[in-house]
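Trainee: Got structure-v6.csv for you, CSV, C-alpha atoms:
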chain,number,residue,atom,x,y,z
A,1406,MET,CA,23.8,6.4,9.2
A,1407,THR,CA,26.3,5.6,11.9
A,1408,SER,CA,28.0,2.2,12.5
A,1409,THR,CA,25.8,1.7,15.6
A,1410,ASP,CA,22.5,2.2,13.8
A,1411,GLU,CA,20.5,-1.0,13.7
A,1412,ILE,CA,19.4,-2.1,10.2
A,1413,LEU,CA,16.4,-4.4,9.7
A,1414,THR,CA,16.4,-5.9,6.2
A,1415,ILE,CA,13.3,-7.5,4.9
A,1416,PRO,CA,13.3,-9.9,2.0
A,1417,VAL,CA,10.9,-9.5,-1.0
A,1418,LYS,CA,8.4,-12.4,-1.2
A,1419,GLY,CA,6.3,-13.4,-4.1
A,1420,VAL,CA,2.7,-12.3,-3.8
A,1421,THR,CA,-0.2,-14.8,-3.4
A,1422,GLU,CA,-3.8,-14.3,-2.2
A,1423,GLU,CA,-2.9,-16.2,1.0
A,1424,ALA,CA,0.3,-14.2,1.7
A,1425,VAL,CA,-1.4,-10.8,1.4
A,1426,ALA,CA,-4.7,-11.8,3.1
A,1427,PRO,CA,-3.8,-10.1,6.4
A,1428,TYR,CA,-3.1,-6.9,4.5
A,1429,GLY,CA,-5.7,-6.7,1.8
A,1430,MET,CA,-7.2,-8.2,-1.3
A,1431,LEU,CA,-5.0,-9.3,-4.1
A,1432,LEU,CA,-6.2,-7.8,-7.4
A,1433,GLY,CA,-5.1,-9.5,-10.6
A,1434,GLU,CA,-6.3,-11.7,-13.4
A,1435,GLY,CA,-9.1,-13.4,-11.4
A,1436,VAL,CA,-12.6,-11.9,-11.1
A,1437,HIS,CA,-13.7,-11.0,-7.5
A,1438,ARG,CA,-16.7,-13.2,-6.6
A,1439,PRO,CA,-17.8,-13.9,-10.1
A,1440,GLY,CA,-21.5,-14.4,-11.0
A,1441,LEU,CA,-23.0,-10.9,-10.9
A,1442,PRO,CA,-26.1,-11.3,-13.0
A,1443,ILE,CA,-25.7,-8.6,-15.5
A,1444,PRO,CA,-27.5,-9.9,-18.6
A,1445,PHE,CA,-25.5,-8.2,-21.3
A,1446,TYR,CA,-22.6,-10.1,-23.0
A,1447,GLN,CA,-23.3,-13.4,-21.2
A,1448,GLY,CA,-20.9,-16.0,-22.4
A,1449,SER,CA,-18.1,-13.5,-23.1
A,1450,VAL,CA,-18.0,-11.4,-20.0
A,1451,GLU,CA,-17.6,-12.8,-16.5
A,1452,GLU,CA,-19.0,-10.1,-14.1
A,1453,GLY,CA,-17.6,-9.9,-10.6
A,1454,ALA,CA,-19.0,-8.4,-7.4
A,1455,ASN,CA,-18.2,-4.9,-6.3
A,1456,LEU,CA,-15.0,-4.5,-4.3
A,1457,ASP,CA,-15.6,-3.4,-0.7
A,1458,PHE,CA,-13.8,-0.1,-1.3
A,1459,VAL,CA,-14.5,2.4,1.6
A,1460,CYS,CA,-13.6,6.0,2.0
A,1461,ARG,CA,-15.0,9.1,3.6
A,1462,GLY,CA,-16.1,11.8,1.2
A,1463,LYS,CA,-15.3,11.7,-2.5
A,1464,PRO,CA,-13.3,8.9,-4.0
A,1465,VAL,CA,-10.3,9.9,-6.0
A,1466,ILE,CA,-8.8,7.8,-8.8
A,1467,ARG,CA,-5.5,8.7,-10.2
A,1468,THR,CA,-2.1,7.5,-11.4
A,1469,ALA,CA,1.5,8.0,-10.2
A,1470,ARG,CA,4.7,7.1,-12.0
A,1471,ILE,CA,7.3,5.6,-9.6
A,1472,SER,CA,11.0,5.1,-10.4
A,1473,ARG,CA,13.7,3.2,-8.5
A,1474,ARG,CA,14.7,4.8,-5.2
A,1475,ASP,CA,16.8,3.9,-2.2
A,1476,THR,CA,15.6,0.7,-0.5
A,1477,GLU,CA,15.3,2.2,2.9
A,1478,VAL,CA,11.7,2.6,4.0
A,1479,LEU,CA,11.6,6.1,5.6
A,1480,TRP,CA,7.9,6.3,6.2
A,1481,LEU,CA,5.0,4.0,7.1
A,1482,GLU,CA,1.4,5.1,7.2
A,1483,TYR,CA,-2.1,3.7,7.6
A,1484,HIS,CA,-5.7,4.9,7.1
A,1485,THR,CA,-8.5,4.2,9.6
A,1486,ILE,CA,-11.3,4.6,7.1
A,1487,LEU,CA,-9.9,4.3,3.6
A,1488,THR,CA,-9.3,0.9,1.9
A,1489,GLN,CA,-6.7,2.2,-0.5
A,1490,VAL,CA,-6.0,0.5,-3.9
A,1491,PHE,CA,-2.7,0.3,-5.7
A,1492,ILE,CA,-2.5,-1.5,-9.1
A,1493,GLY,CA,0.6,-1.6,-11.4
A,1494,LEU,CA,0.0,-0.7,-15.0
A,1495,GLY,CA,2.2,-1.7,-17.9
A,1496,SER,CA,4.9,-4.4,-18.0
A,1497,ALA,CA,7.1,-3.9,-14.9
A,1498,PRO,CA,6.6,-5.3,-11.4
A,1499,PHE,CA,6.6,-3.3,-8.2
A,1500,VAL,CA,7.2,-4.0,-4.5
A,1501,MET,CA,5.0,-3.0,-1.6
A,1502,VAL,CA,6.0,-2.9,2.1
A,1503,LEU,CA,3.1,-3.9,4.3
A,1504,GLY,CA,2.6,-4.2,8.1
A,1505,ARG,CA,-0.1,-5.9,10.0
A,1506,PRO,CA,-3.0,-3.7,11.1
A,1507,GLU,CA,-3.2,-3.1,14.9
A,1508,GLU,CA,-6.0,-1.1,16.6
A,1509,ASN,CA,-4.7,2.3,17.8
A,1510,ALA,CA,-1.1,1.5,17.0
A,1511,LYS,CA,1.2,4.6,17.1
A,1512,VAL,CA,4.3,2.8,15.9
A,1513,PRO,CA,4.6,-0.1,13.4
A,1514,ASN,CA,5.7,-3.5,14.7
A,1515,LEU,CA,8.7,-4.0,12.4
A,1516,ALA,CA,8.7,-7.7,13.2
A,1517,GLN,CA,5.4,-7.9,11.3
A,1518,VAL,CA,6.4,-5.9,8.2
A,1519,GLU,CA,6.8,-7.8,4.9
A,1520,ALA,CA,7.7,-6.8,1.4
A,1521,PHE,CA,5.9,-8.3,-1.6
A,1522,LYS,CA,6.6,-8.3,-5.3
A,1523,PHE,CA,3.5,-7.7,-7.5
A,1524,PRO,CA,3.7,-8.9,-11.1
A,1525,PRO,CA,2.7,-6.4,-13.9
A,1526,GLY,CA,-1.1,-5.8,-14.0
A,1527,HIS,CA,-1.6,-6.8,-10.3
A,1528,GLY,CA,-2.2,-4.9,-7.2
A,1529,ILE,CA,-3.9,-4.8,-3.8
A,1530,MET,CA,-6.8,-3.2,-2.0
A,1531,LEU,CA,-5.5,-2.6,1.5
A,1532,TRP,CA,-7.6,-3.2,4.6
A,1533,GLN,CA,-8.0,-0.4,7.0
A,1534,ARG,CA,-5.1,0.3,9.4
A,1535,VAL,CA,-2.6,-1.7,7.3
A,1536,TRP,CA,0.8,0.0,7.6
A,1537,HIS,CA,2.3,0.6,4.2
A,1538,ASP,CA,4.8,2.6,2.2
A,1539,PHE,CA,4.1,3.9,-1.3
A,1540,PRO,CA,5.0,1.2,-3.9
A,1541,MET,CA,8.6,0.8,-5.0
A,1542,ALA,CA,9.9,0.3,-8.5
A,1543,ILE,CA,12.3,-2.7,-8.8
A,1544,HIS,CA,14.3,-1.9,-12.0
A,1545,HIS,CA,12.1,0.0,-14.4
A,1546,PRO,CA,9.6,2.8,-13.8
A,1547,VAL,CA,6.0,1.7,-13.1
A,1548,THR,CA,2.8,3.6,-13.4
A,1549,ILE,CA,0.6,2.9,-10.4
A,1550,PHE,CA,-3.2,3.2,-10.6
A,1551,THR,CA,-4.5,4.3,-7.2
A,1552,MET,CA,-7.9,4.7,-5.5
A,1553,ASN,CA,-7.9,7.0,-2.6
A,1554,SER,CA,-10.2,9.5,-0.8
A,1555,GLU,CA,-10.1,13.2,-1.6
A,1556,GLU,CA,-9.5,13.7,2.1
A,1557,VAL,CA,-6.3,11.6,2.0
A,1558,VAL,CA,-4.9,13.1,-1.2
A,1559,GLU,CA,-5.6,16.7,0.0
A,1560,ALA,CA,-3.9,15.9,3.4
A,1561,LEU,CA,-0.8,14.5,1.7
A,1562,ALA,CA,-0.6,17.2,-1.0
A,1563,SER,CA,-0.9,20.0,1.6
A,1564,GLN,CA,1.9,18.7,3.7
A,1565,PRO,CA,4.6,21.4,3.4
A,1566,VAL,CA,7.6,19.1,4.2
A,1567,PRO,CA,8.0,15.4,4.9
A,1568,ALA,CA,7.1,15.0,8.5
A,1569,ASP,CA,4.9,12.8,10.8
A,1570,MET,CA,1.2,13.3,10.1
A,1571,ASN,CA,-2.1,12.6,11.9
A,1572,ARG,CA,-4.8,14.3,9.9
A,1573,GLY,CA,-7.1,13.8,7.0
A,1574,ASP,CA,-7.3,10.0,7.6
A,1575,VAL,CA,-3.5,9.8,7.3
A,1576,TYR,CA,-1.4,8.5,10.2
A,1577,LYS,CA,2.2,8.6,9.0
A,1578,VAL,CA,5.4,8.1,10.9
A,1579,HIS,CA,9.1,8.3,10.3
A,1580,VAL,CA,10.4,4.8,10.8
A,1581,LYS,CA,13.8,5.5,12.3
A,1582,THR,CA,12.6,8.2,14.6
A,1583,HIS,CA,9.8,6.0,16.1
A,1584,THR,CA,11.5,2.6,16.1
A,1585,GLY,CA,15.2,3.4,16.4
A,1586,LYS,CA,15.8,1.2,13.4
A,1587,HIS,CA,16.5,1.6,9.7
A,1588,LEU,CA,14.2,-0.6,7.6
A,1589,ARG,CA,15.5,-1.8,4.3
A,1590,VAL,CA,14.0,-3.9,1.5
A,1591,ASP,CA,16.4,-6.5,0.2
A,1592,MET,CA,15.9,-6.0,-3.6
Represent the structure contained in this file as C-alpha coordinates.
Mentor:
Amino acid sequence: MTSTDEILTIPVKGVTEEAVAPYGMLLGEGVHRPGLPIPFYQGSVEEGANLDFVCRGKPVIRTARISRRDTEVLWLEYHTILTQVFIGLGSAPFVMVLGRPEENAKVPNLAQVEAFKFPPGHGIMLWQRVWHDFPMAIHHPVTIFTMNSEEVVEALASQPVPADMNRGDVYKVHVKTHTGKHLRVDM
(Lines of atoms letter the chains of each structure in order from A and count residues from 1; the text may use other names and numbers.)
(Lines give C-alpha, C1' and ligand atoms only; values in the text may rest on other atoms or scores of the structure.)
Protein backbone atom coordinates (compact mmCIF):
# COMPACT_ATOMS: atom_id res chain seq x y z
CA MET A 1 0.00 0.00 0.00
CA THR A 2 1.38 3.41 -0.92
CA SER A 3 0.88 6.64 1.02
CA THR A 4 -1.50 7.88 -1.70
CA ASP A 5 -3.85 4.88 -1.48
CA GLU A 6 -7.27 5.85 -0.14
CA ILE A 7 -8.38 3.79 2.85
CA LEU A 8 -12.05 3.54 3.74
CA THR A 9 -12.52 2.25 7.29
CA ILE A 10 -15.94 1.00 8.36
CA PRO A 11 -16.90 0.63 12.02
CA VAL A 12 -18.36 -2.57 13.42
CA LYS A 13 -21.97 -2.18 14.55
CA GLY A 14 -24.06 -4.33 16.82
CA VAL A 15 -26.51 -6.52 14.96
CA THR A 16 -30.29 -6.09 15.22
CA GLU A 17 -33.14 -7.31 13.02
CA GLU A 18 -33.75 -3.75 11.83
CA ALA A 19 -30.09 -3.03 11.09
CA VAL A 20 -29.60 -6.11 8.89
CA ALA A 21 -33.06 -6.09 7.26
CA PRO A 22 -31.72 -4.58 3.98
CA TYR A 23 -29.20 -7.44 3.77
CA GLY A 24 -31.05 -10.46 5.06
CA MET A 25 -32.85 -12.18 7.91
CA LEU A 26 -31.24 -12.26 11.34
CA LEU A 27 -31.08 -15.80 12.71
CA GLY A 28 -30.79 -16.19 16.45
CA GLU A 29 -32.74 -17.15 19.52
CA GLY A 30 -36.16 -16.21 18.13
CA VAL A 31 -38.33 -18.57 16.10
CA HIS A 32 -39.11 -17.45 12.54
CA ARG A 33 -42.88 -16.90 12.22
CA PRO A 34 -43.88 -19.20 15.10
CA GLY A 35 -47.10 -21.19 14.97
CA LEU A 36 -46.46 -24.00 12.49
CA PRO A 37 -49.15 -26.53 13.53
CA ILE A 38 -47.08 -29.67 14.05
CA PRO A 39 -48.99 -31.59 16.73
CA PHE A 40 -46.07 -33.39 18.38
CA TYR A 41 -44.51 -31.89 21.55
CA GLN A 42 -47.02 -29.05 21.83
CA GLY A 43 -46.38 -27.00 24.92
CA SER A 44 -42.65 -27.74 24.84
CA VAL A 45 -41.69 -26.99 21.21
CA GLU A 46 -42.48 -23.76 19.41
CA GLU A 47 -42.41 -24.61 15.69
CA GLY A 48 -41.47 -21.93 13.18
CA ALA A 49 -42.16 -21.50 9.49
CA ASN A 50 -39.68 -22.63 6.86
CA LEU A 51 -37.00 -20.10 5.98
CA ASP A 52 -37.26 -18.75 2.44
CA PHE A 53 -33.94 -20.36 1.46
CA VAL A 54 -33.45 -20.41 -2.32
CA CYS A 55 -30.82 -22.05 -4.48
CA ARG A 56 -30.45 -23.55 -7.92
CA GLY A 57 -29.70 -27.24 -7.83
CA LYS A 58 -28.70 -29.17 -4.75
CA PRO A 59 -28.39 -27.33 -1.42
CA VAL A 60 -25.10 -27.84 0.43
CA ILE A 61 -24.80 -27.60 4.20
CA ARG A 62 -21.30 -27.45 5.65
CA THR A 63 -19.05 -25.83 8.23
CA ALA A 64 -15.90 -23.72 7.98
CA ARG A 65 -13.49 -22.72 10.74
CA ILE A 66 -12.38 -19.09 10.54
CA SER A 67 -9.47 -17.49 12.36
CA ARG A 68 -8.47 -13.87 12.77
CA ARG A 69 -7.12 -12.31 9.56
CA ASP A 70 -6.10 -8.88 8.34
CA THR A 71 -8.97 -6.40 8.56
CA GLU A 72 -8.73 -5.35 4.91
CA VAL A 73 -11.65 -6.63 2.85
CA LEU A 74 -10.03 -7.81 -0.36
CA TRP A 75 -13.08 -9.40 -2.00
CA LEU A 76 -16.82 -8.74 -2.14
CA GLU A 77 -19.29 -11.03 -3.86
CA TYR A 78 -22.98 -11.63 -4.37
CA HIS A 79 -25.28 -14.36 -5.66
CA THR A 80 -28.23 -13.71 -7.97
CA ILE A 81 -30.16 -16.85 -7.00
CA LEU A 82 -28.77 -18.16 -3.70
CA THR A 83 -29.97 -16.86 -0.33
CA GLN A 84 -26.80 -17.89 1.52
CA VAL A 85 -26.81 -18.67 5.26
CA PHE A 86 -24.00 -18.08 7.79
CA ILE A 87 -24.43 -18.99 11.49
CA GLY A 88 -21.71 -18.86 14.15
CA LEU A 89 -21.42 -22.00 16.26
CA GLY A 90 -19.74 -22.10 19.64
CA SER A 91 -18.95 -19.28 22.04
CA ALA A 92 -17.18 -16.64 19.92
CA PRO A 93 -18.74 -13.78 17.93
CA PHE A 94 -17.93 -12.97 14.30
CA VAL A 95 -18.16 -9.98 11.94
CA MET A 96 -19.78 -9.83 8.52
CA VAL A 97 -19.24 -7.10 5.95
CA LEU A 98 -22.44 -6.48 3.98
CA GLY A 99 -23.32 -4.18 1.10
CA ARG A 100 -26.74 -3.22 -0.23
CA PRO A 101 -28.08 -5.25 -3.13
CA GLU A 102 -28.26 -3.39 -6.43
CA GLU A 103 -29.72 -4.78 -9.65
CA ASN A 104 -26.94 -5.59 -12.15
CA ALA A 105 -24.23 -3.90 -10.06
CA LYS A 106 -20.73 -4.66 -11.29
CA VAL A 107 -18.94 -2.79 -8.48
CA PRO A 108 -20.03 -2.48 -4.84
CA ASN A 109 -21.05 0.96 -3.62
CA LEU A 110 -18.62 1.27 -0.69
CA ALA A 111 -20.71 4.10 0.80
CA GLN A 112 -23.39 1.45 1.45
CA VAL A 113 -21.13 -1.18 3.00
CA GLU A 114 -21.47 -1.93 6.72
CA ALA A 115 -19.86 -4.33 9.20
CA PHE A 116 -21.91 -6.13 11.85
CA LYS A 117 -20.87 -8.12 14.91
CA PHE A 118 -22.93 -11.28 15.35
CA PRO A 119 -23.09 -12.77 18.86
CA PRO A 120 -22.33 -16.47 19.35
CA GLY A 121 -25.13 -18.68 18.07
CA HIS A 122 -26.45 -16.03 15.66
CA GLY A 123 -26.26 -15.58 11.93
CA ILE A 124 -27.95 -14.32 8.80
CA MET A 125 -29.70 -15.57 5.70
CA LEU A 126 -28.60 -13.12 2.99
CA TRP A 127 -31.03 -11.81 0.41
CA GLN A 128 -30.08 -12.26 -3.21
CA ARG A 129 -27.53 -9.79 -4.64
CA VAL A 130 -26.26 -8.69 -1.21
CA TRP A 131 -22.55 -7.87 -1.42
CA HIS A 132 -20.63 -9.72 1.28
CA ASP A 133 -17.28 -11.01 2.37
CA PHE A 134 -16.80 -14.32 4.17
CA PRO A 135 -17.28 -13.93 7.95
CA MET A 136 -14.33 -12.63 9.98
CA ALA A 137 -13.23 -13.86 13.39
CA ILE A 138 -12.75 -11.09 15.95
CA HIS A 139 -10.37 -12.57 18.52
CA HIS A 140 -10.94 -16.33 18.69
CA PRO A 141 -11.56 -18.89 15.93
CA VAL A 142 -15.21 -19.47 15.05
CA THR A 143 -16.89 -22.37 13.29
CA ILE A 144 -19.40 -21.08 10.76
CA PHE A 145 -22.37 -23.19 9.68
CA THR A 146 -23.20 -22.38 6.05
CA MET A 147 -26.01 -23.19 3.65
CA ASN A 148 -25.04 -22.79 0.01
CA SER A 149 -25.80 -24.32 -3.34
CA GLU A 150 -23.66 -27.05 -4.82
CA GLU A 151 -23.22 -24.71 -7.80
CA VAL A 152 -21.65 -21.96 -5.64
CA VAL A 153 -19.39 -24.28 -3.65
CA GLU A 154 -18.14 -26.02 -6.81
CA ALA A 155 -17.46 -22.68 -8.54
CA LEU A 156 -15.48 -21.33 -5.57
CA ALA A 157 -13.59 -24.59 -4.94
CA SER A 158 -12.61 -24.93 -8.61
CA GLN A 159 -11.13 -21.43 -8.79
CA PRO A 160 -7.39 -22.05 -9.34
CA VAL A 161 -6.21 -18.73 -7.82
CA PRO A 162 -7.91 -15.79 -6.11
CA ALA A 163 -9.34 -13.66 -8.96
CA ASP A 164 -12.54 -11.95 -10.05
CA MET A 165 -15.32 -14.44 -10.80
CA ASN A 166 -18.57 -14.43 -12.72
CA ARG A 167 -19.73 -18.04 -12.92
CA GLY A 168 -21.69 -20.62 -10.98
CA ASP A 169 -23.92 -17.95 -9.35
CA VAL A 170 -20.83 -16.24 -7.93
CA TYR A 171 -20.08 -12.65 -8.88
CA LYS A 172 -16.88 -11.75 -6.99
CA VAL A 173 -14.64 -8.71 -7.38
CA HIS A 174 -11.34 -7.49 -5.95
CA VAL A 175 -12.30 -4.35 -4.00
CA LYS A 176 -9.14 -2.26 -4.58
CA THR A 177 -8.96 -3.09 -8.29
CA HIS A 178 -12.58 -2.09 -8.96
CA THR A 179 -13.05 0.83 -6.55
CA GLY A 180 -9.55 2.27 -6.21
CA LYS A 181 -9.92 2.08 -2.41
CA HIS A 182 -8.74 -0.14 0.39
CA LEU A 183 -11.70 -1.22 2.53
CA ARG A 184 -10.90 -1.93 6.18
CA VAL A 185 -13.00 -3.08 9.11
CA ASP A 186 -12.34 -1.15 12.33
CA MET A 187 -12.07 -4.02 14.83
Trainee: Neighbours of Glu1519 of chain A within 8 Å (all atoms listed in the file; same-chain residues fewer than 5 positions away dropped), as a VMD selection string?
Mentor: chain A and resid 1415 to 1418 1502 to 1504
Trainee: For atom CA of Glu1434 of chain A and atom CA of Glu1451 of chain A, determine how far apart the two atoms are, in Å to one decimal place.
Mentor: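 It comes out at 11.8 Å.
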Trainee: Hey, which of A:Ala1568, A:Val1459, A:Val1558, A:Ala1424 ends up closest to Val1580 of chain A? Count all atoms listed in the file.
Mentor: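 Residue with the minimum atom-to-atom distance to Val1580 of chain A: A:Ala1568.
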Trainee: Could you work out how far atom CA of His1579 of chain A lies from atom CA of Glu1477 of chain A, giving the answer in Å with one decimal?
Mentor: 11.4 Å
Trainee: Give me the residues near Gly1585 of chain A as number ranges by chain, where near means some atom within 8 Å (using all atoms listed in the file) and where sequence neighbours in that chain fewer than 3 positions away do not count.
Mentor: A: 1410-1411, 1580-1582
Trainee: With C-alpha atoms retained, could you export that selection as a PDB file, in the coordinates of the input?
Mentor:
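Heads up, here's the output in part20.pdb:
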ATOM      1  CA  ASP A1410      22.500   2.200  13.800  1.00  0.00           C
ATOM      2  CA  GLU A1411      20.500  -1.000  13.700  1.00  0.00           C
ATOM      3  CA  VAL A1580      10.400   4.800  10.800  1.00  0.00           C
ATOM      4  CA  LYS A1581      13.800   5.500  12.300  1.00  0.00           C
ATOM      5  CA  THR A1582      12.600   8.200  14.600  1.00  0.00           C
TER       6      THR A1582
END
Trainee: Fewer than 5 positions away in the same chain doesn't count, so skip those; otherwise give me all residues within 8 Å of Val1420 of chain A, counting only C-alpha atoms, as a list of chain:residue names.
Mentor: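 Counting only C-alpha atoms, the residues come to A:Val1425, A:Phe1521, A:Lys1522, A:Phe1523.
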Trainee: Could you give me, as an NGL selection string, the residues that have an atom at most 10 Å away from the point (2.5, 0.0, -11.9) in the coordinates of the file, using all atoms listed in the file?
Mentor: :A and (1468-1471 or 1491-1500 or 1523-1528 or 1540-1542 or 1545-1551)
Trainee: Using Å and a single decimal, report how far atom CA of Val1465 of chain A sits from atom CA of Asp1574 of chain A.
Mentor: 13.9 Å
